[in-house]
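Coordinates from structure_3.tsv are shown below (TSV, C-alpha atoms).
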chain	number	residue	atom	x	y	z
D	1	MET	CA	0.00	0.00	0.00
D	2	THR	CA	1.58	3.24	-1.09
D	3	ARG	CA	0.51	6.47	0.45
D	4	SER	CA	-0.50	9.29	-1.81
D	5	ARG	CA	1.87	12.24	-1.96
D	6	ILE	CA	0.82	15.26	0.00
D	7	PRO	CA	0.85	18.39	-2.11
D	8	LEU	CA	3.53	20.85	-1.00
D	9	LEU	CA	0.98	23.59	-0.39
D	10	VAL	CA	-0.65	21.56	2.41
D	11	GLU	CA	2.75	21.22	4.05
D	12	VAL	CA	3.52	24.94	3.98
D	13	PRO	CA	2.11	25.79	7.44
D	14	LEU	CA	4.05	22.88	8.92
D	15	LEU	CA	7.26	23.97	7.16
D	16	VAL	CA	6.87	27.56	8.35
D	17	TRP	CA	6.33	26.32	11.90
D	18	LEU	CA	9.41	24.08	11.75
D	19	VAL	CA	11.59	26.92	10.43
D	20	ILE	CA	10.37	29.25	13.18
D	21	LEU	CA	11.04	26.52	15.74
D	22	TRP	CA	14.55	26.06	14.38
D	23	GLY	CA	15.26	29.79	14.55
D	24	ALA	CA	13.83	30.04	18.05
D	25	LEU	CA	15.86	27.14	19.37
D	26	TRP	CA	19.06	28.64	17.98
D	27	GLN	CA	17.92	32.10	19.09
D	28	ASP	CA	19.13	33.26	15.70
D	29	PHE	CA	16.76	34.50	12.99
D	30	SER	CA	19.43	35.43	10.42
D	31	ALA	CA	18.79	34.43	6.81
D	32	GLY	CA	21.51	31.77	6.69
D	33	ASN	CA	20.23	29.99	9.75
D	34	LEU	CA	16.64	30.10	8.49
D	35	ILE	CA	17.62	28.68	5.08
D	36	PHE	CA	19.46	25.85	6.76
D	37	GLY	CA	16.40	25.36	8.96
D	38	LEU	CA	14.21	25.15	5.86
D	39	LEU	CA	16.44	22.43	4.41
D	40	ILE	CA	16.18	20.46	7.63
D	41	ALA	CA	12.42	21.05	7.75
D	42	LEU	CA	12.06	19.69	4.22
D	43	ALA	CA	14.11	16.63	5.16
D	44	VAL	CA	12.10	16.06	8.34
D	45	VAL	CA	8.77	16.42	6.53
D	46	ASN	CA	9.84	13.94	3.87
D	47	ILE	CA	11.52	11.36	6.11
D	48	PHE	CA	9.19	11.36	9.09
D	49	TYR	CA	6.02	11.03	7.14
D	50	LEU	CA	2.81	11.89	8.97
D	51	PRO	CA	-0.75	12.21	7.76
D	52	PRO	CA	-1.31	15.85	6.88
D	53	VAL	CA	-3.23	18.12	9.21
D	54	GLU	CA	-6.21	19.24	7.18
D	55	LEU	CA	-6.73	22.94	7.67
D	56	ALA	CA	-10.01	24.40	6.54
D	57	GLY	CA	-8.12	26.98	4.51
D	58	ARG	CA	-9.35	30.02	6.33
D	59	LEU	CA	-8.04	31.97	9.26
D	60	ASN	CA	-9.77	34.93	10.83
D	61	LEU	CA	-6.99	36.82	12.59
D	62	TRP	CA	-9.35	38.95	14.66
D	63	ALA	CA	-11.34	35.93	15.87
D	64	ALA	CA	-8.08	34.13	16.59
D	65	ALA	CA	-6.79	37.07	18.64
D	66	VAL	CA	-10.07	37.22	20.58
D	67	PHE	CA	-9.81	33.49	21.19
D	68	VAL	CA	-6.20	33.66	22.43
D	69	ALA	CA	-6.96	36.57	24.74
D	70	ALA	CA	-10.00	34.80	26.19
D	71	PHE	CA	-7.91	31.66	26.51
D	72	LEU	CA	-5.13	33.33	28.53
D	73	LEU	CA	-7.65	35.02	30.80
D	74	ASN	CA	-9.51	31.77	31.37
D	75	VAL	CA	-6.36	29.74	32.03
D	76	ALA	CA	-5.65	32.11	34.92
D	77	LYS	CA	-9.25	31.90	36.13
D	78	ALA	CA	-9.38	28.10	35.86
D	79	SER	CA	-6.13	27.75	37.80
D	80	PHE	CA	-7.40	29.80	40.70
D	81	GLU	CA	-10.69	27.93	40.57
D	82	VAL	CA	-8.98	24.54	40.84
D	83	PHE	CA	-6.83	25.94	43.64
D	84	TRP	CA	-9.94	27.18	45.45
D	85	ILE	CA	-11.82	23.90	45.03
D	86	ALA	CA	-8.79	21.97	46.27
D	87	LEU	CA	-8.56	24.17	49.35
D	88	THR	CA	-12.22	24.43	50.28
D	89	ARG	CA	-13.91	21.31	48.91
D	90	GLY	CA	-10.99	18.87	48.62
D	91	PRO	CA	-12.10	15.28	49.09
D	92	ARG	CA	-15.80	16.20	49.08
D	93	THR	CA	-15.78	17.45	45.48
D	94	LYS	CA	-18.67	16.19	43.36
D	95	ASN	CA	-17.61	15.60	39.76
D	96	GLY	CA	-19.27	14.45	36.59
D	97	VAL	CA	-18.48	12.65	33.37
D	98	LEU	CA	-20.36	14.53	30.68
D	99	ALA	CA	-20.92	13.80	27.01
D	100	VAL	CA	-20.73	16.88	24.82
D	101	LYS	CA	-21.58	16.62	21.15
D	102	LEU	CA	-19.62	19.03	18.99
D	103	ARG	CA	-20.79	20.59	15.75
D	104	SER	CA	-17.61	20.14	13.78
D	105	HIS	CA	-16.44	16.84	12.35
D	106	SER	CA	-12.97	18.06	11.44
D	107	ASP	CA	-10.29	16.17	13.33
D	108	LEU	CA	-8.28	19.33	13.87
D	109	LEU	CA	-11.17	21.25	15.41
D	110	VAL	CA	-12.22	18.39	17.67
D	111	THR	CA	-8.62	18.05	18.84
D	112	ALA	CA	-8.22	21.77	19.36
D	113	THR	CA	-11.48	21.95	21.30
D	114	GLY	CA	-10.43	18.98	23.41
D	115	HIS	CA	-7.10	20.62	24.16
D	116	THR	CA	-8.66	23.94	25.02
D	117	ILE	CA	-11.27	22.57	27.37
D	118	SER	CA	-8.67	20.42	29.10
D	119	LEU	CA	-6.95	23.66	30.03
D	120	ILE	CA	-9.76	26.11	30.48
D	121	PRO	CA	-12.80	25.34	32.53
D	122	GLY	CA	-11.80	22.41	34.70
D	123	SER	CA	-12.29	19.35	32.59
D	124	LEU	CA	-10.38	16.38	31.26
D	125	VAL	CA	-11.08	14.48	28.05
D	126	VAL	CA	-11.75	10.89	29.11
D	127	ASP	CA	-12.82	9.57	25.76
D	128	VAL	CA	-13.64	10.66	22.24
D	129	ASP	CA	-16.16	9.20	19.87
D	130	ARG	CA	-14.84	10.26	16.52
D	131	SER	CA	-17.78	9.02	14.43
D	132	THR	CA	-20.20	11.39	16.14
D	133	SER	CA	-17.49	13.83	17.36
D	134	THR	CA	-18.64	13.49	20.93
D	135	LEU	CA	-16.26	14.32	23.76
D	136	TYR	CA	-16.59	12.57	27.09
D	137	LEU	CA	-15.26	14.92	29.72
D	138	HIS	CA	-14.51	14.51	33.38
D	139	VAL	CA	-15.47	17.79	34.97
D	140	LEU	CA	-14.60	19.05	38.43
D	141	ASP	CA	-17.31	20.42	40.66
D	142	ILE	CA	-20.57	19.31	39.02
D	143	PRO	CA	-22.94	18.95	41.96
D	144	ASP	CA	-26.20	19.00	39.96
D	145	PRO	CA	-27.54	18.52	36.39
D	146	ASP	CA	-28.15	22.25	36.11
D	147	LYS	CA	-24.45	22.97	36.37
D	148	ALA	CA	-23.76	20.16	33.90
D	149	ASP	CA	-25.94	21.88	31.31
D	150	ARG	CA	-24.16	25.15	31.88
D	151	PHE	CA	-20.85	23.40	31.38
D	152	ARG	CA	-22.00	21.82	28.10
D	153	GLU	CA	-23.03	25.27	26.92
D	154	GLN	CA	-19.57	26.57	27.79
D	155	VAL	CA	-17.85	23.84	25.76
D	156	ARG	CA	-20.03	24.64	22.77
D	157	ARG	CA	-19.12	28.31	23.14
D	158	ILE	CA	-15.42	27.49	23.12
D	159	GLU	CA	-15.91	25.42	20.01
D	160	ALA	CA	-17.79	28.31	18.41
D	161	GLY	CA	-14.83	30.59	19.15
D	162	LEU	CA	-12.44	28.13	17.52
D	163	ILE	CA	-14.72	27.74	14.51
D	164	ARG	CA	-14.83	31.49	14.03
D	165	ALA	CA	-11.02	31.53	14.04
D	166	ILE	CA	-10.10	28.49	11.92
D	167	GLY	CA	-13.28	26.60	11.01
D	168	SER	CA	-14.57	26.01	7.50
D	169	LYS	CA	-17.15	28.31	5.89
D	170	GLU	CA	-20.00	25.86	6.45
D	171	GLU	CA	-19.22	25.60	10.16
D	172	VAL	CA	-19.05	29.38	10.51
D	173	ALA	CA	-22.44	29.67	8.83
D	174	MET	CA	-23.77	27.09	11.29
D	175	VAL	CA	-22.45	29.04	14.28
D	176	LYS	CA	-23.85	32.32	12.94
D	177	ALA	CA	-27.28	30.81	12.33
D	178	GLU	CA	-27.27	29.44	15.85
D	179	ALA	CA	-26.36	32.79	17.37
D	180	ALA	CA	-29.11	34.52	15.35
D	181	ASN	CA	-31.57	31.90	16.52
D	182	ARG	CA	-30.67	32.46	20.12
D	183	ARG	CA	-31.06	36.23	19.76
D	184	ASN	CA	-34.52	35.82	18.24
D	185	GLY	CA	-35.46	33.36	20.93
D	186	GLY	CA	-34.30	35.83	23.58
D	187	THR	CA	-36.44	38.73	22.32
D	188	SER	CA	-39.66	36.86	21.62
Z	1	MET	CA	11.18	55.11	40.20
Z	2	ASN	CA	13.08	53.78	37.22
Z	3	THR	CA	11.78	51.16	34.83
Z	4	ASP	CA	14.42	48.64	35.81
Z	5	LEU	CA	13.15	48.50	39.35
Z	6	VAL	CA	9.52	48.20	38.20
Z	7	LEU	CA	10.38	45.35	35.83
Z	8	GLU	CA	12.35	43.71	38.57
Z	9	ILE	CA	9.40	43.87	40.95
Z	10	VAL	CA	6.94	42.58	38.34
Z	11	ALA	CA	9.31	39.73	37.47
Z	12	GLY	CA	9.59	38.86	41.15
Z	13	LEU	CA	5.82	38.88	41.54
Z	14	CYS	CA	5.43	36.61	38.51
Z	15	LEU	CA	7.96	34.14	39.90
Z	16	VAL	CA	6.31	34.04	43.32
Z	17	LEU	CA	2.81	33.66	41.84
Z	18	GLY	CA	4.07	30.95	39.49
Z	19	ALA	CA	5.58	29.06	42.40
Z	20	LEU	CA	2.28	29.48	44.26
Z	21	MET	CA	0.49	27.84	41.34
Z	22	SER	CA	2.82	24.86	41.58
Z	23	LEU	CA	1.95	24.72	45.26
Z	24	ALA	CA	-1.73	24.75	44.26
Z	25	ALA	CA	-1.11	21.73	42.05
Z	26	ALA	CA	0.60	19.93	44.94
Z	27	ILE	CA	-2.24	20.73	47.35
Z	28	GLY	CA	-4.74	19.53	44.75
Z	29	LEU	CA	-2.87	16.24	44.38
Z	30	LEU	CA	-3.08	15.71	48.12
Z	31	ARG	CA	-6.64	16.85	48.65
Z	32	PHE	CA	-8.59	15.39	45.74
Z	33	PRO	CA	-10.09	11.95	46.24
Z	34	ASP	CA	-9.44	10.06	43.00
Z	35	LEU	CA	-7.21	9.82	39.96
Z	36	LEU	CA	-9.39	11.81	37.59
Z	37	SER	CA	-9.83	14.80	39.85
Z	38	ARG	CA	-6.14	14.71	40.72
Z	39	MET	CA	-5.33	15.01	37.04
Z	40	HIS	CA	-7.14	18.36	37.09
Z	41	ALA	CA	-4.83	19.61	39.78
Z	42	ALA	CA	-1.84	18.33	37.85
Z	43	THR	CA	-2.80	20.12	34.63
Z	44	LYS	CA	-4.40	23.51	35.14
Z	45	PRO	CA	-2.58	25.45	37.86
Z	46	GLN	CA	0.71	24.01	36.71
Z	47	VAL	CA	0.31	25.32	33.14
Z	48	PHE	CA	-0.59	28.77	34.38
Z	49	GLY	CA	2.24	28.62	36.92
Z	50	LEU	CA	4.71	27.84	34.16
Z	51	LEU	CA	3.38	30.77	32.13
Z	52	LEU	CA	3.99	33.10	35.05
Z	53	LEU	CA	7.48	31.71	35.62
Z	54	LEU	CA	8.33	32.15	31.94
Z	55	ILE	CA	6.98	35.72	31.93
Z	56	GLY	CA	9.07	36.44	35.00
Z	57	LEU	CA	12.06	34.97	33.24
Z	58	ALA	CA	11.47	37.09	30.13
Z	59	LEU	CA	11.23	40.24	32.25
Z	60	GLN	CA	14.42	39.32	34.06
Z	61	LEU	CA	16.44	38.39	30.96
Z	62	ARG	CA	15.17	41.31	28.85
Z	63	SER	CA	16.56	39.89	25.66
Z	64	TRP	CA	14.37	39.53	22.57
Z	65	ALA	CA	16.21	36.42	21.44
Z	66	ALA	CA	15.02	34.53	24.51
Z	67	VAL	CA	11.33	35.32	24.00
Z	68	PRO	CA	10.61	32.82	21.17
Z	69	VAL	CA	12.20	30.02	23.19
Z	70	LEU	CA	10.04	30.85	26.19
Z	71	ILE	CA	6.91	31.01	24.03
Z	72	ILE	CA	7.74	27.66	22.46
Z	73	ALA	CA	8.40	26.12	25.87
Z	74	TRP	CA	4.91	27.15	26.92
Z	75	LEU	CA	3.30	26.10	23.64
Z	76	PHE	CA	4.74	22.62	23.98
Z	77	GLN	CA	3.45	22.48	27.51
Z	78	LEU	CA	0.00	23.47	26.21
Z	79	LEU	CA	0.14	20.76	23.59
Z	80	THR	CA	1.44	17.94	25.76
Z	81	VAL	CA	-0.37	18.44	29.06
Z	82	PRO	CA	-3.90	17.75	27.76
Z	83	VAL	CA	-2.63	14.71	25.87
Z	84	SER	CA	-0.99	13.15	28.91
Z	85	ALA	CA	-4.01	14.04	31.05
Z	86	HIS	CA	-6.25	12.41	28.47
Z	87	MET	CA	-4.14	9.25	28.29
Z	88	VAL	CA	-3.97	8.87	32.06
Z	89	GLY	CA	-7.66	9.73	32.44
Z	90	ARG	CA	-8.73	7.32	29.74
Z	91	ALA	CA	-6.64	4.49	31.11
Z	92	GLY	CA	-7.91	5.29	34.61
Z	93	TYR	CA	-11.52	5.26	33.53
Z	94	ARG	CA	-11.19	2.01	31.61
Z	95	THR	CA	-9.43	0.20	34.42
Z	96	LYS	CA	-12.10	1.57	36.80
Z	97	HIS	CA	-9.66	3.56	38.90
Z	98	LEU	CA	-12.33	6.00	39.89
Z	99	HIS	CA	-14.58	6.54	42.83
Z	100	ARG	CA	-18.12	6.36	41.53
Z	101	GLU	CA	-19.45	8.10	44.59
Z	102	THR	CA	-17.63	11.29	43.61
Z	103	LEU	CA	-19.53	11.45	40.33
Z	104	SER	CA	-22.94	13.08	40.17
Z	105	VAL	CA	-23.40	12.38	36.45
Z	106	ASP	CA	-21.75	9.80	34.19
Z	107	ASP	CA	-22.77	9.94	30.56
Z	108	LEU	CA	-20.00	7.60	29.49
Z	109	ASP	CA	-21.13	4.76	31.74
Z	110	ALA	CA	-24.27	4.04	29.67
Z	111	VAL	CA	-22.24	4.01	26.44
Z	112	VAL	CA	-19.70	1.62	27.91
Z	113	GLN	CA	-22.44	-0.68	29.22
Z	114	LYS	CA	-24.12	-0.72	25.82
Z	115	ALA	CA	-20.88	-1.49	24.01
Z	116	ALA	CA	-20.07	-4.24	26.51
Z	117	ALA	CA	-23.54	-5.75	26.00
Z	118	GLU	CA	-23.09	-5.68	22.23
Z	119	GLU	CA	-19.69	-7.29	22.56
Z	120	ALA	CA	-21.15	-10.06	24.76
Z	121	GLU	CA	-23.95	-10.56	22.23
Z	122	ARG	CA	-21.44	-10.91	19.43
Z	123	ARG	CA	-19.34	-13.37	21.38
Z	124	LYS	CA	-22.45	-15.44	22.05
Z	125	ALA	CA	-23.41	-15.38	18.37
Z	126	ASP	CA	-19.89	-16.45	17.37
Z	127	ALA	CA	-19.94	-19.27	19.90
Z	128	ALA	CA	-23.36	-20.43	18.65
Z	129	GLU	CA	-22.06	-20.39	15.07
Z	130	GLU	CA	-19.04	-22.44	16.02
Z	131	ALA	CA	-21.21	-24.93	17.89
Z	132	ALA	CA	-23.45	-25.26	14.82
Z	133	LEU	CA	-20.39	-25.90	12.65
Z	134	ALA	CA	-19.10	-28.54	15.06
Z	135	ALA	CA	-22.49	-30.26	15.05
Z	136	ASP	CA	-22.81	-30.21	11.26
Z	137	PRO	CA	-19.59	-31.24	9.44
Z	138	GLU	CA	-21.23	-30.90	6.00
Z	139	LEU	CA	-22.01	-27.25	6.53
Z	140	ALA	CA	-18.49	-26.69	7.81
Z	141	ALA	CA	-17.00	-28.26	4.69
Z	142	GLU	CA	-19.23	-26.12	2.52
Z	143	LEU	CA	-18.18	-22.97	4.29
Z	144	ALA	CA	-14.52	-23.94	4.12
Z	145	ALA	CA	-14.86	-24.40	0.35
Z	146	GLU	CA	-16.30	-20.95	0.03
Z	147	GLY	CA	-13.23	-19.66	1.81
Z	148	ASP	CA	-12.93	-16.29	3.40
Z	149	ALA	CA	-15.87	-14.89	1.47
Z	150	GLY	CA	-18.26	-17.08	3.42
Z	151	LYS	CA	-16.99	-15.97	6.78
Z	152	LYS	CA	-19.27	-13.59	8.53
Z	153	PRO	CA	-17.45	-10.36	9.26
Z	154	ALA	CA	-17.41	-9.91	12.99
Z	155	GLY	CA	-19.43	-6.88	14.02
Z	156	LYS	CA	-17.35	-4.39	15.90
Z	157	PRO	CA	-18.94	-2.92	19.02
Z	158	LYS	CA	-20.04	0.59	18.27
Z	159	GLY	CA	-19.04	3.70	20.11
Z	160	VAL	CA	-16.17	4.52	22.32
Z	161	LEU	CA	-14.93	1.03	22.96
Z	162	ARG	CA	-14.00	0.56	19.33
Z	163	THR	CA	-10.27	0.13	19.20
Z	164	LYS	CA	-9.72	0.30	15.47
Z	165	GLU	CA	-10.48	3.30	13.32
Z	166	PRO	CA	-13.02	2.61	10.60
Z	167	LYS	CA	-10.46	3.75	8.03
Z	168	GLU	CA	-8.01	1.12	9.14
Z	169	THR	CA	-10.54	-1.69	8.87
Z	170	ALA	CA	-11.65	-0.41	5.48
Z	171	ALA	CA	-8.03	-0.41	4.30
Z	172	LYS	CA	-7.57	-3.93	5.58
Z	173	ALA	CA	-10.75	-5.09	3.86
Z	174	SER	CA	-9.61	-3.65	0.54
Z	175	ALA	CA	-6.18	-5.22	0.96
Z	176	LYS	CA	-7.87	-8.56	1.58
Z	177	ARG	CA	-10.00	-8.17	-1.51
Z	178	ARG	CA	-6.91	-7.45	-3.57
Z	179	ARG	CA	-5.20	-10.54	-2.24
Z	180	GLU	CA	-8.18	-12.68	-3.13
Z	181	SER	CA	-8.51	-11.47	-6.73
Before anything else, please render the file you have as structure tokens.
Amino acid sequence: MTRSRIPLLVEVPLLVWLVILWGALWQDFSAGNLIFGLLIALAVVNIFYLPPVELAGRLNLWAAAVFVAAFLLNVAKASFEVFWIALTRGPRTKNGVLAVKLRSHSDLLVTATGHTISLIPGSLVVDVDRSTSTLYLHVLDIPDPDKADRFREQVRRIEAGLIRAIGSKEEVAMVKAEAANRRNGGTS
Amino acid sequence: MNTDLVLEIVAGLCLVLGALMSLAAAIGLLRFPDLLSRMHAATKPQVFGLLLLLIGLALQLRSWAAVPVLIIAWLFQLLTVPVSAHMVGRAGYRTKHLHRETLSVDDLDAVVQKAAAEEAERRKADAAEEAALAADPELAAELAAEGDAGKKPAGKPKGVLRTKEPKETAAKASAKRRRES
């Protein structure tokens, strides 16, 4: 079984990342070093062959910046929260394992969402069902179903933020339609 | 007050806060009751603590060349921590290293039960088939003549307990077909 060649264009983001990594590790961003880094990146990409990461081909810089800012803020908040729960609740914490169904079926987005929610609100990905893109999360401090629903909502919001930044056009349309729906539902 | 002193103070604050976050992780490890909740303590405050330590370091070093290295150090932490937490959590859940009484909801439990029931069903069906073959040598000979094509493909349990990706099985099936033709 031979694997199909990946077009070079798909590899470009990976190559750029590898060159930046090379420059950063040497702490030297001069042209010569970067060109040498590019050669090594090309060799690495061709020798250590991995399935390509399929990007949706769009990137909204503003949405990405909003997402990163919210992420940093929430990492700080989540850390203090876990600290607080550990101090006050400790062994009496009530947790939950929740299933959250995501909108997107792109591997990259499901992974990114899983990564983000592992770091942000106080959850841990226990299992993933890829066929339905459902995440099973262990969540700290879920004393009642009401809080569980609020948490599910939060995960979907994080996914929406990611979709706005790097999702495909169809997914963005889905998120926008949903938001419009909610607004209409709120006023009526 | 000069800027150097201010930067120095901010860097110091960052370092102390970062160390405090590591302390938070340690307290969490001690205080939480089971593996899964302990993993929370081991991931969140520690990542934030490292961020603070790296910021403190950047403010102390004040060299632009060091900044990309610090950013990359944190990025790799961001990428690897959820993965290790997931692997440990998943293994812990599957080997039942969890205290059920700490859970108020468990959506995964029903899925696992269902998959286990399906798996048991399939095993029973396979055993029944084998017994039928043993009881009826003619049928067995017939099936053997038909070769692989006559063999019933074993149904994989659906859902989270599936160990093989559908792609992989599809690739294997096509490879098998090629071998047969």
Subject >> Residue hits in chain Z, query chain D, radius 8 Å, all atoms listed in the file, as number ranges by chain >> reply: Z: 21, 24-25, 27-28, 31-33, 36-37, 39-41, 43-46, 48, 65-66, 68-69, 72, 78-79, 82-83, 85-87, 89-90, 93, 102-108, 159-160
**OP:** Show which residues sit within 9 Å of range 49-57 of chain Z, as a PyMOL selection string. Count only C-alpha atoms, and ignore same-chain residues fewer than 3 positions away.
**Re:** (chain D and resi 76+79) or (chain Z and resi 8+10-22+44-46+60-62+70-71+73-74+77)
Original post:
Any idea what the distance is between CA of Ile166 in chain D and CA of Leu55 in chain D?
Top reply: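 Computed distance, CA of Ile166 in chain D to CA of Leu55 in chain D, equals 7.8 Å.
Surrounding residues of (-22.2, 25.2, 10.9) at most 12 Å away are Leu102, Arg103, Ser104, His105, Ser106, Glu159, Ala160, Ile163, Arg164, Gly167, Ser168, Lys169, Glu170, Glu171, Val172, Ala173, Met174, Val175, Lys176, Ala177, Glu178 and Ala179 of chain D (based on only C-alpha atoms).
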Write to file, as an mmCIF file, keeping the file's coordinate frame, the residues of the selection just made, with C-alpha atoms.
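Output (selection-v6.cif):
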data_model
loop_
_atom_site.group_PDB
_atom_site.id
_atom_site.type_symbol
_atom_site.label_atom_id
_atom_site.label_comp_id
_atom_site.auth_asym_id
_atom_site.auth_seq_id
_atom_site.Cartn_x
_atom_site.Cartn_y
_atom_site.Cartn_z
ATOM 1 C CA LEU D 102 -19.620 19.030 18.990
ATOM 2 C CA ARG D 103 -20.790 20.590 15.750
ATOM 3 C CA SER D 104 -17.610 20.140 13.780
ATOM 4 C CA HIS D 105 -16.440 16.840 12.350
ATOM 5 C CA SER D 106 -12.970 18.060 11.440
ATOM 6 C CA GLU D 159 -15.910 25.420 20.010
ATOM 7 C CA ALA D 160 -17.790 28.310 18.410
ATOM 8 C CA ILE D 163 -14.720 27.740 14.510
ATOM 9 C CA ARG D 164 -14.830 31.490 14.030
ATOM 10 C CA GLY D 167 -13.280 26.600 11.010
ATOM 11 C CA SER D 168 -14.570 26.010 7.500
ATOM 12 C CA LYS D 169 -17.150 28.310 5.890
ATOM 13 C CA GLU D 170 -20.000 25.860 6.450
ATOM 14 C CA GLU D 171 -19.220 25.600 10.160
ATOM 15 C CA VAL D 172 -19.050 29.380 10.510
ATOM 16 C CA ALA D 173 -22.440 29.670 8.830
ATOM 17 C CA MET D 174 -23.770 27.090 11.290
ATOM 18 C CA VAL D 175 -22.450 29.040 14.280
ATOM 19 C CA LYS D 176 -23.850 32.320 12.940
ATOM 20 C CA ALA D 177 -27.280 30.810 12.330
ATOM 21 C CA GLU D 178 -27.270 29.440 15.850
ATOM 22 C CA ALA D 179 -26.360 32.790 17.370
#
**OP:** Report the distance between CA of Glu153 in chain D and CA of Asp107 in chain D in Å, rounded to one decimal place.
**Re:**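 Computing it gives 20.7 Å between the two atoms.
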**OP:** Could you jot down the CA of Ala165 in chain D to CA of Leu61 in chain D separation for me, Å, one decimal place?
**Re:** 6.8 Å
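The list of residues with at least one atom within 8 Å of Leu15 in chain D, based on all atoms listed in the file and without residues fewer than 5 positions apart in the same chain, reads Leu38, Ala41, Leu42 and Val45 of chain D.
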